[in-house]
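The file protein-v5.csv comes next; it holds CSV, C-alpha atoms.
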chain,number,residue,atom,x,y,z
A,1,MET,CA,78.8,136.8,124.9
A,2,ALA,CA,77.5,133.5,123.7
A,3,GLU,CA,77.8,130.0,125.2
A,4,VAL,CA,80.1,128.0,122.9
A,5,ALA,CA,79.1,124.4,122.7
A,6,ALA,CA,81.8,121.8,123.4
A,7,LEU,CA,82.1,119.0,120.8
A,8,THR,CA,83.5,115.5,120.9
A,9,GLU,CA,85.0,113.5,118.2
A,10,ALA,CA,81.7,111.7,117.8
A,11,SER,CA,79.6,114.8,117.3
A,12,PHE,CA,82.1,116.6,115.1
A,13,GLU,CA,80.9,115.2,111.7
A,14,GLN,CA,77.3,116.1,112.4
A,15,GLU,CA,77.9,119.5,114.0
A,16,VAL,CA,80.7,120.8,111.9
A,17,LEU,CA,81.2,118.9,108.6
A,18,LYS,CA,77.5,118.6,107.9
A,19,SER,CA,76.5,122.0,109.2
A,20,ASP,CA,74.5,124.3,106.9
A,21,LEU,CA,76.1,127.3,108.5
A,22,PRO,CA,79.9,128.0,108.4
A,23,VAL,CA,81.4,126.8,111.7
A,24,LEU,CA,84.2,128.4,113.7
A,25,VAL,CA,86.0,125.7,115.7
A,26,ASP,CA,88.2,126.7,118.7
A,27,PHE,CA,90.7,123.9,119.3
A,28,TRP,CA,91.9,124.3,122.9
A,29,ALA,CA,93.1,122.5,126.0
A,30,PRO,CA,92.7,123.3,129.8
A,31,TRP,CA,96.5,123.5,130.2
A,32,CYS,CA,96.9,126.2,127.6
A,33,GLY,CA,97.1,129.8,128.9
A,34,PRO,CA,96.6,131.6,125.6
A,35,CYS,CA,93.5,129.4,125.0
A,36,ARG,CA,91.9,130.7,128.1
A,37,ALA,CA,92.7,134.3,126.9
A,38,VAL,CA,91.2,133.7,123.5
A,39,SER,CA,88.0,132.0,124.7
A,40,PRO,CA,86.2,135.2,125.7
A,41,VAL,CA,87.2,136.7,122.3
A,42,VAL,CA,85.6,133.7,120.6
A,43,GLU,CA,82.5,134.0,122.7
A,44,LYS,CA,82.1,137.7,121.7
A,45,VAL,CA,82.6,137.0,118.0
A,46,ALA,CA,80.1,134.1,118.3
A,47,ALA,CA,77.5,136.4,119.7
A,48,ALA,CA,78.2,139.1,117.0
A,49,PHE,CA,77.8,136.6,114.2
A,50,ALA,CA,74.9,134.6,115.7
A,51,GLY,CA,72.7,133.3,113.0
A,52,LYS,CA,75.4,133.5,110.3
A,53,LEU,CA,78.1,131.4,112.0
A,54,LYS,CA,78.0,128.5,114.3
A,55,THR,CA,80.8,128.4,117.0
A,56,VAL,CA,82.0,125.3,118.8
A,57,LYS,CA,85.1,124.3,120.8
A,58,VAL,CA,87.0,121.1,120.8
A,59,ASN,CA,89.3,120.0,123.7
A,60,VAL,CA,92.3,118.5,122.0
A,61,ASP,CA,93.1,116.3,125.0
A,62,GLU,CA,89.8,114.5,124.6
A,63,ALA,CA,89.7,114.6,120.8
A,64,SER,CA,93.3,113.9,119.8
A,65,GLY,CA,92.2,112.2,116.6
A,66,LEU,CA,90.6,115.4,115.4
A,67,ALA,CA,93.7,117.4,116.3
A,68,GLY,CA,95.8,114.9,114.3
A,69,LYS,CA,93.5,115.0,111.4
A,70,TYR,CA,93.5,118.7,111.1
A,71,GLY,CA,97.3,119.0,111.7
A,72,ILE,CA,96.8,120.9,115.0
A,73,ARG,CA,100.4,121.4,116.4
A,74,SER,CA,99.8,124.6,118.3
A,75,ILE,CA,96.8,125.9,120.2
A,76,PRO,CA,94.6,127.8,120.3
A,77,SER,CA,93.9,127.0,116.7
A,78,LEU,CA,90.8,128.6,115.2
A,79,LEU,CA,89.5,127.0,112.1
A,80,ILE,CA,86.5,128.0,110.0
A,81,PHE,CA,84.7,125.2,108.1
A,82,ARG,CA,82.2,125.5,105.3
A,83,GLY,CA,80.8,122.6,103.5
A,84,GLY,CA,83.1,120.2,105.4
A,85,GLU,CA,86.2,122.1,104.3
A,86,VAL,CA,88.6,124.3,106.2
A,87,ILE,CA,88.4,127.7,104.6
A,88,GLU,CA,90.3,129.8,107.1
A,89,SER,CA,92.7,129.1,110.0
A,90,SER,CA,94.8,130.9,112.5
A,91,VAL,CA,97.0,129.9,115.4
A,92,GLY,CA,97.6,131.7,118.7
A,93,PHE,CA,95.9,134.5,120.5
A,94,LEU,CA,93.9,136.9,118.4
A,95,PRO,CA,92.4,140.2,119.5
A,96,GLU,CA,88.7,140.6,118.9
A,97,ALA,CA,89.1,143.0,115.9
A,98,GLU,CA,91.5,140.6,114.2
A,99,LEU,CA,89.2,137.6,114.6
A,100,THR,CA,86.3,139.6,113.4
A,101,LYS,CA,88.2,140.6,110.3
A,102,ARG,CA,89.1,137.0,109.6
A,103,VAL,CA,85.5,135.9,110.0
A,104,GLU,CA,84.2,138.7,107.8
A,105,LYS,CA,86.7,137.9,105.1
A,106,VAL,CA,85.0,134.5,104.6
A,107,ILE,CA,81.4,135.1,105.5
A,108,GLY,CA,80.8,138.8,105.3
A,109,LYS,CA,79.6,141.3,107.9
A,110,PRO,CA,77.5,140.1,110.8
B,111,MET,CA,100.2,171.0,123.3
B,112,THR,CA,97.7,168.6,125.0
B,113,VAL,CA,98.8,165.3,126.3
B,114,ASP,CA,96.8,162.1,126.5
B,115,ALA,CA,98.6,160.8,129.5
B,116,ALA,CA,101.4,161.9,131.7
B,117,LEU,CA,103.0,158.5,131.2
B,118,ALA,CA,102.7,156.0,128.5
B,119,ILE,CA,104.0,152.4,129.0
B,120,VAL,CA,104.6,150.2,126.0
B,121,GLY,CA,104.3,146.5,126.8
B,122,ALA,CA,102.1,144.7,129.4
B,123,GLY,CA,104.4,142.0,130.6
B,124,PRO,CA,105.5,141.9,134.3
B,125,ALA,CA,107.7,145.0,133.8
B,126,GLY,CA,105.0,147.1,132.1
B,127,LEU,CA,102.2,146.0,134.4
B,128,THR,CA,104.2,146.6,137.5
B,129,ALA,CA,105.2,150.0,136.3
B,130,ALA,CA,101.5,150.7,135.7
B,131,ILE,CA,100.7,149.8,139.3
B,132,TYR,CA,103.3,152.1,140.7
B,133,ALA,CA,102.6,154.9,138.3
B,134,GLY,CA,98.9,154.6,138.9
B,135,ARG,CA,99.5,154.9,142.7
B,136,ALA,CA,101.6,157.9,142.0
B,137,GLY,CA,98.6,159.5,140.3
B,138,LEU,CA,100.0,159.5,136.8
B,139,ALA,CA,97.0,157.6,135.3
B,140,PRO,CA,99.3,155.7,132.9
B,141,VAL,CA,98.2,154.4,129.5
B,142,VAL,CA,99.5,150.9,128.8
B,143,ILE,CA,99.8,149.9,125.1
B,144,GLU,CA,99.8,146.2,124.5
B,145,ARG,CA,99.7,144.6,121.1
B,146,GLN,CA,98.7,141.1,122.0
B,147,LEU,CA,98.0,139.6,125.4
B,148,ALA,CA,98.7,140.9,128.9
B,149,GLY,CA,101.5,139.0,130.5
B,150,GLY,CA,104.0,138.8,127.7
B,151,GLN,CA,106.2,135.7,128.0
B,152,MET,CA,104.9,135.3,131.6
B,153,GLY,CA,101.5,134.6,130.1
B,154,LEU,CA,103.0,131.7,128.2
B,155,THR,CA,104.5,130.1,131.2
B,156,PHE,CA,102.5,127.1,132.4
B,157,LEU,CA,103.3,127.4,136.1
B,158,ILE,CA,105.4,130.1,137.8
B,159,GLU,CA,106.8,128.5,140.9
B,160,ASN,CA,109.5,131.1,141.9
B,161,PHE,CA,107.3,134.2,142.3
B,162,PRO,CA,107.2,135.0,146.1
B,163,GLY,CA,103.8,134.6,147.7
B,164,PHE,CA,102.4,131.7,145.8
B,165,PRO,CA,103.7,128.6,147.5
B,166,GLU,CA,101.8,126.3,145.1
B,167,GLY,CA,102.9,128.3,142.1
B,168,MET,CA,100.5,130.1,139.8
B,169,ALA,CA,99.7,129.8,136.1
B,170,GLY,CA,101.4,132.6,134.2
B,171,VAL,CA,98.2,133.6,132.6
B,172,ASP,CA,96.5,134.0,136.0
B,173,LEU,CA,99.4,135.9,137.5
B,174,ALA,CA,99.3,138.3,134.5
B,175,GLU,CA,95.6,138.9,134.9
B,176,ARG,CA,95.9,139.6,138.6
B,177,ILE,CA,98.7,142.1,138.0
B,178,ARG,CA,96.7,143.7,135.2
B,179,GLN,CA,93.6,144.1,137.5
B,180,GLN,CA,95.8,145.5,140.2
B,181,ALA,CA,97.1,148.2,137.8
B,182,GLU,CA,93.6,148.9,136.6
B,183,ARG,CA,92.4,149.4,140.2
B,184,PHE,CA,95.0,152.2,140.5
B,185,GLY,CA,93.9,154.0,137.4
B,186,ALA,CA,95.9,152.5,134.6
B,187,GLN,CA,94.2,152.3,131.3
B,188,PHE,CA,94.9,149.6,128.8
B,189,ARG,CA,94.8,150.0,125.0
B,190,MET,CA,95.3,147.2,122.6
B,191,ALA,CA,97.4,148.6,119.8
B,192,HIS,CA,100.8,148.1,118.1
B,193,ALA,CA,103.2,151.0,118.9
B,194,GLN,CA,105.1,151.5,115.7
B,195,ARG,CA,107.2,154.7,116.1
B,196,ILE,CA,108.3,157.1,118.8
B,197,HIS,CA,108.7,160.8,118.1
B,198,LEU,CA,110.4,162.9,120.7
B,199,ASP,CA,110.0,166.7,120.9
B,200,ALA,CA,110.2,169.4,123.6
B,201,GLN,CA,106.8,168.5,124.9
B,202,GLY,CA,107.5,164.9,125.4
B,203,VAL,CA,106.7,161.8,123.4
B,204,GLU,CA,104.4,161.1,120.5
B,205,LEU,CA,103.7,157.4,120.0
B,206,HIS,CA,102.5,156.4,116.6
B,207,LEU,CA,100.2,153.4,117.0
B,208,ASP,CA,98.5,151.3,114.3
B,209,SER,CA,95.3,153.0,115.6
B,210,GLY,CA,96.2,156.7,116.0
B,211,THR,CA,98.7,158.5,118.1
B,212,LEU,CA,99.2,159.0,121.8
B,213,ARG,CA,100.9,161.9,123.4
B,214,ALA,CA,102.6,161.6,126.8
B,215,ARG,CA,105.2,163.5,128.8
B,216,ALA,CA,107.2,160.4,129.6
B,217,LEU,CA,107.5,156.9,128.3
B,218,ILE,CA,108.5,153.5,129.7
B,219,ILE,CA,109.5,150.9,127.1
B,220,ALA,CA,108.8,147.4,128.4
B,221,THR,CA,108.5,145.5,125.1
B,222,GLY,CA,110.3,142.4,126.3
B,223,ALA,CA,112.0,139.8,124.3
B,224,ARG,CA,111.0,137.2,121.8
B,225,TRP,CA,112.3,133.7,121.1
B,226,ARG,CA,115.2,133.7,118.6
B,227,PRO,CA,114.6,131.7,115.4
B,228,LEU,CA,117.1,129.0,114.3
B,229,GLY,CA,117.2,130.6,110.8
B,230,VAL,CA,117.1,127.4,108.8
B,231,PRO,CA,115.0,126.6,105.7
B,232,GLY,CA,111.6,125.3,106.6
B,233,GLU,CA,111.4,127.1,110.0
B,234,LYS,CA,109.2,130.0,108.9
B,235,GLU,CA,106.9,127.8,106.8
B,236,TYR,CA,106.2,125.5,109.6
B,237,VAL,CA,105.8,127.8,112.6
B,238,SER,CA,102.8,126.4,114.6
B,239,ARG,CA,102.7,123.5,112.2
B,240,GLY,CA,105.4,121.6,114.1
B,241,VAL,CA,107.9,124.3,114.8
B,242,SER,CA,107.3,125.8,118.3
B,243,TYR,CA,109.1,128.1,120.6
B,244,CYS,CA,107.0,127.2,123.7
B,245,ALA,CA,106.8,123.7,125.1
B,246,THR,CA,104.3,124.7,127.8
B,247,CYS,CA,102.0,126.0,125.0
B,248,ASP,CA,102.2,123.1,122.6
B,249,GLY,CA,104.0,120.3,124.3
B,250,PRO,CA,101.1,118.2,125.4
B,251,LEU,CA,99.9,117.9,121.7
B,252,TYR,CA,102.8,115.5,121.2
B,253,ARG,CA,101.6,113.0,123.7
B,254,GLY,CA,103.1,109.6,122.9
B,255,LYS,CA,105.1,111.0,120.0
B,256,PRO,CA,108.9,111.6,119.5
B,257,ILE,CA,109.9,115.3,119.6
B,258,ALA,CA,113.1,117.4,119.2
B,259,VAL,CA,114.4,120.3,121.3
B,260,VAL,CA,117.2,122.5,120.0
B,261,GLY,CA,119.5,124.2,122.5
B,262,GLY,CA,121.6,123.6,125.6
B,263,SER,CA,120.6,126.3,128.0
B,264,ASP,CA,118.6,126.2,131.2
B,265,HIS,CA,115.5,127.1,129.2
B,266,ALA,CA,116.2,124.3,126.6
B,267,LEU,CA,116.5,121.7,129.4
B,268,GLU,CA,113.4,122.9,131.2
B,269,GLU,CA,111.5,122.6,128.0
B,270,ALA,CA,113.0,119.1,127.4
B,271,LEU,CA,112.0,118.0,130.9
B,272,PHE,CA,108.5,119.4,130.5
B,273,LEU,CA,108.1,117.6,127.1
B,274,ALA,CA,109.4,114.3,128.6
B,275,ARG,CA,106.2,114.2,130.6
B,276,TYR,CA,104.2,113.7,127.4
B,277,ALA,CA,106.4,112.7,124.6
B,278,GLU,CA,107.5,109.2,123.8
B,279,ARG,CA,111.1,110.4,123.4
B,280,VAL,CA,112.8,113.7,123.5
B,281,TYR,CA,115.8,114.3,121.3
B,282,LEU,CA,117.9,117.2,122.6
B,283,ILE,CA,119.9,118.6,119.8
B,284,HIS,CA,122.9,120.6,120.9
B,285,ARG,CA,125.7,122.0,118.8
B,286,ARG,CA,128.5,121.4,121.4
B,287,ASP,CA,129.7,118.5,123.4
B,288,GLN,CA,128.6,119.9,126.7
B,289,LEU,CA,125.6,121.8,128.1
B,290,ARG,CA,125.7,125.2,129.6
B,291,ALA,CA,122.6,124.8,131.7
B,292,ALA,CA,122.7,124.7,135.5
B,293,LYS,CA,124.1,121.5,136.9
B,294,VAL,CA,120.9,120.5,138.6
B,295,LEU,CA,119.0,120.7,135.3
B,296,GLN,CA,121.7,118.8,133.5
B,297,GLN,CA,121.6,116.0,136.1
B,298,GLU,CA,117.9,115.8,135.9
B,299,ALA,CA,117.8,115.8,132.1
B,300,LEU,CA,120.7,113.3,131.6
B,301,ALA,CA,119.0,110.9,134.1
B,302,ASN,CA,115.7,111.1,132.3
B,303,GLU,CA,115.5,108.0,130.2
B,304,LYS,CA,113.1,109.6,127.7
B,305,ILE,CA,115.7,112.3,126.9
B,306,GLN,CA,118.4,111.5,124.4
B,307,VAL,CA,121.1,114.2,123.9
B,308,MET,CA,122.4,114.4,120.3
B,309,TRP,CA,125.8,116.1,120.9
B,310,ASN,CA,127.6,118.2,118.3
B,311,ARG,CA,124.6,118.4,116.0
B,312,VAL,CA,123.0,121.3,114.3
B,313,VAL,CA,119.7,121.5,112.4
B,314,THR,CA,120.2,122.4,108.8
B,315,GLU,CA,116.7,122.1,107.6
B,316,ILE,CA,113.2,121.5,108.8
B,317,VAL,CA,111.4,119.2,106.4
B,318,GLY,CA,107.6,119.0,106.1
B,319,ALA,CA,104.9,117.4,104.0
B,320,ASP,CA,101.1,118.1,103.8
B,321,GLY,CA,101.6,121.3,105.8
B,322,VAL,CA,103.2,119.8,108.9
B,323,VAL,CA,106.7,119.0,110.1
B,324,ARG,CA,107.9,115.5,109.3
B,325,ALA,CA,111.7,115.5,109.9
B,326,LEU,CA,114.8,117.4,110.7
B,327,LYS,CA,118.0,117.4,108.7
B,328,LEU,CA,121.0,117.3,111.0
B,329,ARG,CA,124.7,117.8,110.5
B,330,ASP,CA,127.4,116.6,112.9
B,331,VAL,CA,129.7,119.5,113.4
B,332,VAL,CA,132.7,117.3,114.2
B,333,THR,CA,132.5,114.6,111.6
B,334,GLY,CA,130.4,116.6,109.0
B,335,GLU,CA,128.1,113.6,108.7
B,336,THR,CA,124.5,114.4,107.9
B,337,SER,CA,121.4,112.5,109.0
B,338,THR,CA,117.6,112.8,109.1
B,339,LEU,CA,115.6,112.6,112.3
B,340,GLU,CA,112.0,111.8,111.8
B,341,VAL,CA,109.9,113.9,114.3
B,342,PRO,CA,106.5,115.6,114.0
B,343,GLY,CA,107.7,118.7,115.8
B,344,VAL,CA,110.7,120.7,117.0
B,345,PHE,CA,110.9,123.1,119.9
B,346,VAL,CA,113.5,125.8,119.3
B,347,CYS,CA,115.2,127.1,122.5
B,348,VAL,CA,118.3,129.0,121.3
B,349,GLY,CA,117.8,132.2,123.2
B,350,THR,CA,115.9,135.4,122.9
B,351,ASP,CA,116.2,138.7,121.1
B,352,PRO,CA,115.0,142.0,122.4
B,353,VAL,CA,111.9,143.5,120.9
B,354,SER,CA,113.5,146.9,120.4
B,355,GLU,CA,112.6,147.9,116.8
B,356,LEU,CA,110.4,150.6,118.3
B,357,ALA,CA,113.3,152.0,120.3
B,358,ALA,CA,115.9,151.9,117.5
B,359,GLY,CA,117.1,155.3,116.4
B,360,VAL,CA,115.4,156.9,119.4
B,361,VAL,CA,117.5,155.7,122.3
B,362,GLU,CA,120.9,154.0,122.5
B,363,LEU,CA,120.9,150.3,121.9
B,364,ASP,CA,123.8,147.9,122.6
B,365,GLU,CA,125.3,145.7,119.9
B,366,LYS,CA,122.7,143.0,120.5
B,367,GLY,CA,119.8,145.4,120.3
B,368,PHE,CA,119.1,145.8,124.0
B,369,ILE,CA,118.3,149.3,125.3
B,370,VAL,CA,121.1,150.8,127.3
B,371,VAL,CA,120.0,152.2,130.7
B,372,ASP,CA,121.6,153.6,133.8
B,373,GLU,CA,120.9,152.4,137.3
B,374,CYS,CA,117.6,154.4,137.4
B,375,LEU,CA,116.6,152.8,134.1
B,376,ARG,CA,116.9,156.0,132.2
B,377,THR,CA,117.7,155.6,128.5
B,378,SER,CA,119.8,158.0,126.5
B,379,ALA,CA,116.7,160.1,125.8
B,380,PRO,CA,115.3,162.4,128.5
B,381,GLY,CA,111.9,161.2,129.8
B,382,VAL,CA,112.3,157.7,128.2
B,383,PHE,CA,112.9,154.7,130.5
B,384,ALA,CA,113.3,151.0,129.8
B,385,ALA,CA,112.3,148.1,132.0
B,386,GLY,CA,112.4,144.3,131.8
B,387,ASP,CA,113.9,142.0,129.2
B,388,VAL,CA,114.3,144.7,126.6
B,389,ARG,CA,116.9,146.5,128.5
B,390,ALA,CA,120.6,145.6,128.6
B,391,GLY,CA,121.7,143.5,131.6
B,392,ALA,CA,118.3,142.2,132.5
B,393,TRP,CA,117.8,138.7,133.9
B,394,PRO,CA,114.7,137.2,132.3
B,395,GLN,CA,112.7,136.5,135.4
B,396,VAL,CA,109.2,137.7,136.4
B,397,ILE,CA,110.4,139.1,139.6
B,398,THR,CA,113.3,141.1,138.2
B,399,ALA,CA,111.1,142.4,135.4
B,400,ALA,CA,108.5,143.5,138.0
B,401,ALA,CA,111.3,145.2,140.0
B,402,ASP,CA,112.3,147.0,136.9
B,403,GLY,CA,108.8,148.2,136.4
B,404,ALA,CA,108.6,149.6,139.9
B,405,LEU,CA,111.9,151.4,139.5
B,406,ALA,CA,111.2,152.8,136.1
B,407,ALA,CA,107.8,154.1,137.3
B,408,ARG,CA,109.6,155.9,140.2
B,409,SER,CA,112.2,157.4,137.8
B,410,ALA,CA,109.5,158.5,135.5
B,411,GLU,CA,107.6,160.1,138.4
B,412,ARG,CA,110.7,162.0,139.5
B,413,TYR,CA,111.4,163.1,136.0
B,414,LEU,CA,107.8,164.5,135.7
B,415,GLN,CA,108.2,166.3,138.9
B,416,GLY,CA,111.4,167.9,137.5
B,417,LEU,CA,113.6,166.0,139.9
B,418,THR,CA,116.5,163.9,139.1
B,419,PRO,CA,116.0,160.3,140.2
Whole structure, structure tokens version:
Amino acid sequence: MAEVAALTEASFEQEVLKSDLPVLVDFWAPWCGPCRAVSPVVEKVAAAFAGKLKTVKVNVDEASGLAGKYGIRSIPSLLIFRGGEVIESSVGFLPEAELTKRVEKVIGKP
Amino acid sequence: MTVDAALAIVGAGPAGLTAAIYAGRAGLAPVVIERQLAGGQMGLTFLIENFPGFPEGMAGVDLAERIRQQAERFGAQFRMAHAQRIHLDAQGVELHLDSGTLRARALIIATGARWRPLGVPGEKEYVSRGVSYCATCDGPLYRGKPIAVVGGSDHALEEALFLARYAERVYLIHRRDQLRAAKVLQQEALANEKIQVMWNRVVTEIVGADGVVRALKLRDVVTGETSTLEVPGVFVCVGTDPVSELAAGVVELDEKGFIVVDECLRTSAPGVFAAGDVRAGAWPQVITAAADGALAARSAERYLQGLTP
């Protein structure tokens, strides 16, 4: 398990869009049950890909501008950014094996 | 022939999880197959206020986790997999999973129900991009925006009332000129100034742009008039369908696809039981699903002992 840093709207550009590593962003909210179920999955995947992938979370209640900008209409939404662009996205709960597969698809094995 | 478990349970909603508690306590060491997330539809319910013993209510996701832990304590094992096919033979049941097979002597099918789609153009394309089936999951994302709900049942009105807490305005689109929801819900919804009922209207298309929903095309079923309603999202609440693909061809289903059971929750196949929303005649409540789970576990136990329930 890895601690997943919480981002704000202000830090998003520096931490995600300008990141050298690809970034997995977990869009979530405290009221969302499936988000709570997916967060340990995200933590495990973050640990497995440490050094190759940066993982952060964004609370959509606090960063509604970002949610709007990236068309987030359901959560949890997991987006992978590289070079400031979204290269992979998924919505809803994902088992660990499935999330691992999606991450591997775009950045290779851990 | 070796078996992996005396009892396999497919589905970890309230029915499957409760069956696992009872079967675990009966020493059957059940194996529970779940494809997604423990809790089923219960896990998507924001707050469950009618389950006895929790006067303040409890988040569906928390109640699911508690019941899962309770089942685990009594020896249930959980396996995350998708059960794709059932094969019955003299020794019992062979479950074909996306990750191998599982042999058991008896089976409880508790695969639940899923929201029914509207079946209009644009719906599939925009699922989770403005088309949602769960207000408690996605509703607060529409804070300060207009939103549409389709349906006229208890569930549709509950969703509309939940959405009215966040949305600027809730358009309730209903194909008839009266609602079939419980009176108390109707009164509450009709008195809510944010909720505007659009009577006699059906959605003919969900229109999007840039990957998200922008509007709905509507038709008035009385006048035939068509119109466009600009909303960034729509919640579809037009009923549920049983998740019974696994059971089809193995046990008897009714004309709507629900599994036919007797009063002991036995299906038409010996050693196969059904519990919760997937069975015919179920009432889609956590408590009745749980009751089904308990009864199905008992029937399975009696079956395994060679007794009739």
>> Taking only C-alpha atoms into account and nothing else, which residues of chain B lie no more than 12 Å away from chain A? Please answer as a PyMOL selection string.
In response: chain B and resi 144-157+168-175+189-192+209+236-255+257+276+318-324+342-345
>> Which residue is closest to Leu79 in chain A? Choose from A:Val103, A:Leu21, A:Val41, A:Leu7 and count only C-alpha atoms.
In response: A:Val103
> Which neighbours of Glu96 in chain A fall inside 8 Å, counting all atoms listed in the file, when residues of the same chain fewer than 3 positions from it are skipped, and could you give them as an MDAnalysis selection string?
Replying inline: chainID A and resid 41:42 44:45 99:100
> Counting only C-alpha atoms, what is within 9 Å of range 372-381 of chain B, bar same-chain residues fewer than 6 positions away, as an NGL selection string?
Replying inline: :B and (198 or 202-203 or 215-218 or 360-362 or 389 or 402 or 405-406 or 408-410 or 413-414 or 419)
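Using only C-alpha atoms, the protein and nucleic acid residues lying no more than 6 Å from His206 in chain B, apart from those fewer than 5 places from it along its own chain, are Ala193, Gln194, Arg195 and Thr211 of chain B.
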>> My list of candidates is B:Ala122, B:Leu267, B:Val313, B:Ala277. Which is closest to Leu300 in chain B when distances are computed with all atoms listed in the file?
In response: B:Leu267
> Using only C-alpha atoms, which of the listed residues (B:Ala385, B:Glu233, B:Gly359, B:Glu278) sits closest to Thr398 in chain B?
Replying inline: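 Among the listed residues, B:Ala385 lies closest to Thr398 in chain B.
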> Hey, which of B:Glu335, B:Gly185, B:Ile196, B:Ala404 ends up closest to Ala357 in chain B? Count all atoms listed in the file.
Replying inline: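 Distance minimum relative to Ala357 in chain B lands on B:Ile196.
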> What is the CA of Gly403 in chain B-CA of Val120 in chain B distance in Å, reported with one decimal?
Replying inline: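 Going from CA of Gly403 in chain B over to CA of Val120 in chain B covers 11.4 Å.
Going from CA of Phe383 in chain B to CA of Gly163 in chain B covers 28.0 Å.
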> Near range 226-231 of chain B, counting only C-alpha atoms, which residues have an atom at most 7 Å away, once you skip same-chain residues fewer than 2 positions from it, shown as a count of residues only?
Replying inline: 10
> Do you know which residues are at most 12 Å from Ala50 in chain A counting only C-alpha atoms, after dropping those on the same chain fewer than 6 positions away, and could you put them as a count of residues only?
Replying inline: 13
Would you fill out range 45-60 of chain A with N, CA and C atoms and return it as an mmCIF file, in the frame of the given file?
data_model
loop_
_atom_site.group_PDB
_atom_site.id
_atom_site.type_symbol
_atom_site.label_atom_id
_atom_site.label_comp_id
_atom_site.auth_asym_id
_atom_site.auth_seq_id
_atom_site.Cartn_x
_atom_site.Cartn_y
_atom_site.Cartn_z
ATOM 1 N N VAL A 45 82.778 137.057 119.479
ATOM 2 C CA VAL A 45 82.600 137.000 118.000
ATOM 3 C C VAL A 45 81.431 136.055 117.697
ATOM 4 N N ALA A 46 81.284 134.981 118.467
ATOM 5 C CA ALA A 46 80.100 134.100 118.300
ATOM 6 C C ALA A 46 78.833 134.820 118.417
ATOM 7 N N ALA A 47 78.767 135.682 119.435
ATOM 8 C CA ALA A 47 77.500 136.400 119.700
ATOM 9 C C ALA A 47 77.290 137.430 118.535
ATOM 10 N N ALA A 48 78.364 138.081 118.081
ATOM 11 C CA ALA A 48 78.200 139.100 117.000
ATOM 12 C C ALA A 48 77.744 138.481 115.711
ATOM 13 N N PHE A 49 78.145 137.243 115.448
ATOM 14 C CA PHE A 49 77.800 136.600 114.200
ATOM 15 C C PHE A 49 76.687 135.569 114.341
ATOM 16 N N ALA A 50 75.975 135.621 115.462
ATOM 17 C CA ALA A 50 74.900 134.600 115.700
ATOM 18 C C ALA A 50 73.953 134.601 114.539
ATOM 19 N N GLY A 51 73.591 133.393 114.117
ATOM 20 C CA GLY A 51 72.700 133.300 113.000
ATOM 21 C C GLY A 51 73.372 133.120 111.648
ATOM 22 N N LYS A 52 74.622 133.592 111.592
ATOM 23 C CA LYS A 52 75.400 133.500 110.300
ATOM 24 C C LYS A 52 76.549 132.493 110.470
ATOM 25 N N LEU A 53 76.920 132.283 111.735
ATOM 26 C CA LEU A 53 78.100 131.400 112.000
ATOM 27 C C LEU A 53 77.802 130.619 113.254
ATOM 28 N N LYS A 54 78.130 129.343 113.165
ATOM 29 C CA LYS A 54 78.000 128.500 114.300
ATOM 30 C C LYS A 54 79.407 128.423 114.978
ATOM 31 N N THR A 55 79.476 128.441 116.284
ATOM 32 C CA THR A 55 80.800 128.400 117.000
ATOM 33 C C THR A 55 80.815 127.285 117.968
ATOM 34 N N VAL A 56 81.867 126.487 117.887
ATOM 35 C CA VAL A 56 82.000 125.300 118.800
ATOM 36 C C VAL A 56 83.445 125.258 119.289
ATOM 37 N N LYS A 57 83.681 124.502 120.351
ATOM 38 C CA LYS A 57 85.100 124.300 120.800
ATOM 39 C C LYS A 57 85.352 122.807 120.952
ATOM 40 N N VAL A 58 86.607 122.466 120.717
ATOM 41 C CA VAL A 58 87.000 121.100 120.800
ATOM 42 C C VAL A 58 88.260 121.006 121.707
ATOM 43 N N ASN A 59 88.136 120.215 122.767
ATOM 44 C CA ASN A 59 89.300 120.000 123.700
ATOM 45 C C ASN A 59 90.200 118.960 123.064
ATOM 46 N N VAL A 60 91.394 119.386 122.700
ATOM 47 C CA VAL A 60 92.300 118.500 122.000
ATOM 48 C C VAL A 60 92.791 117.306 122.813
#
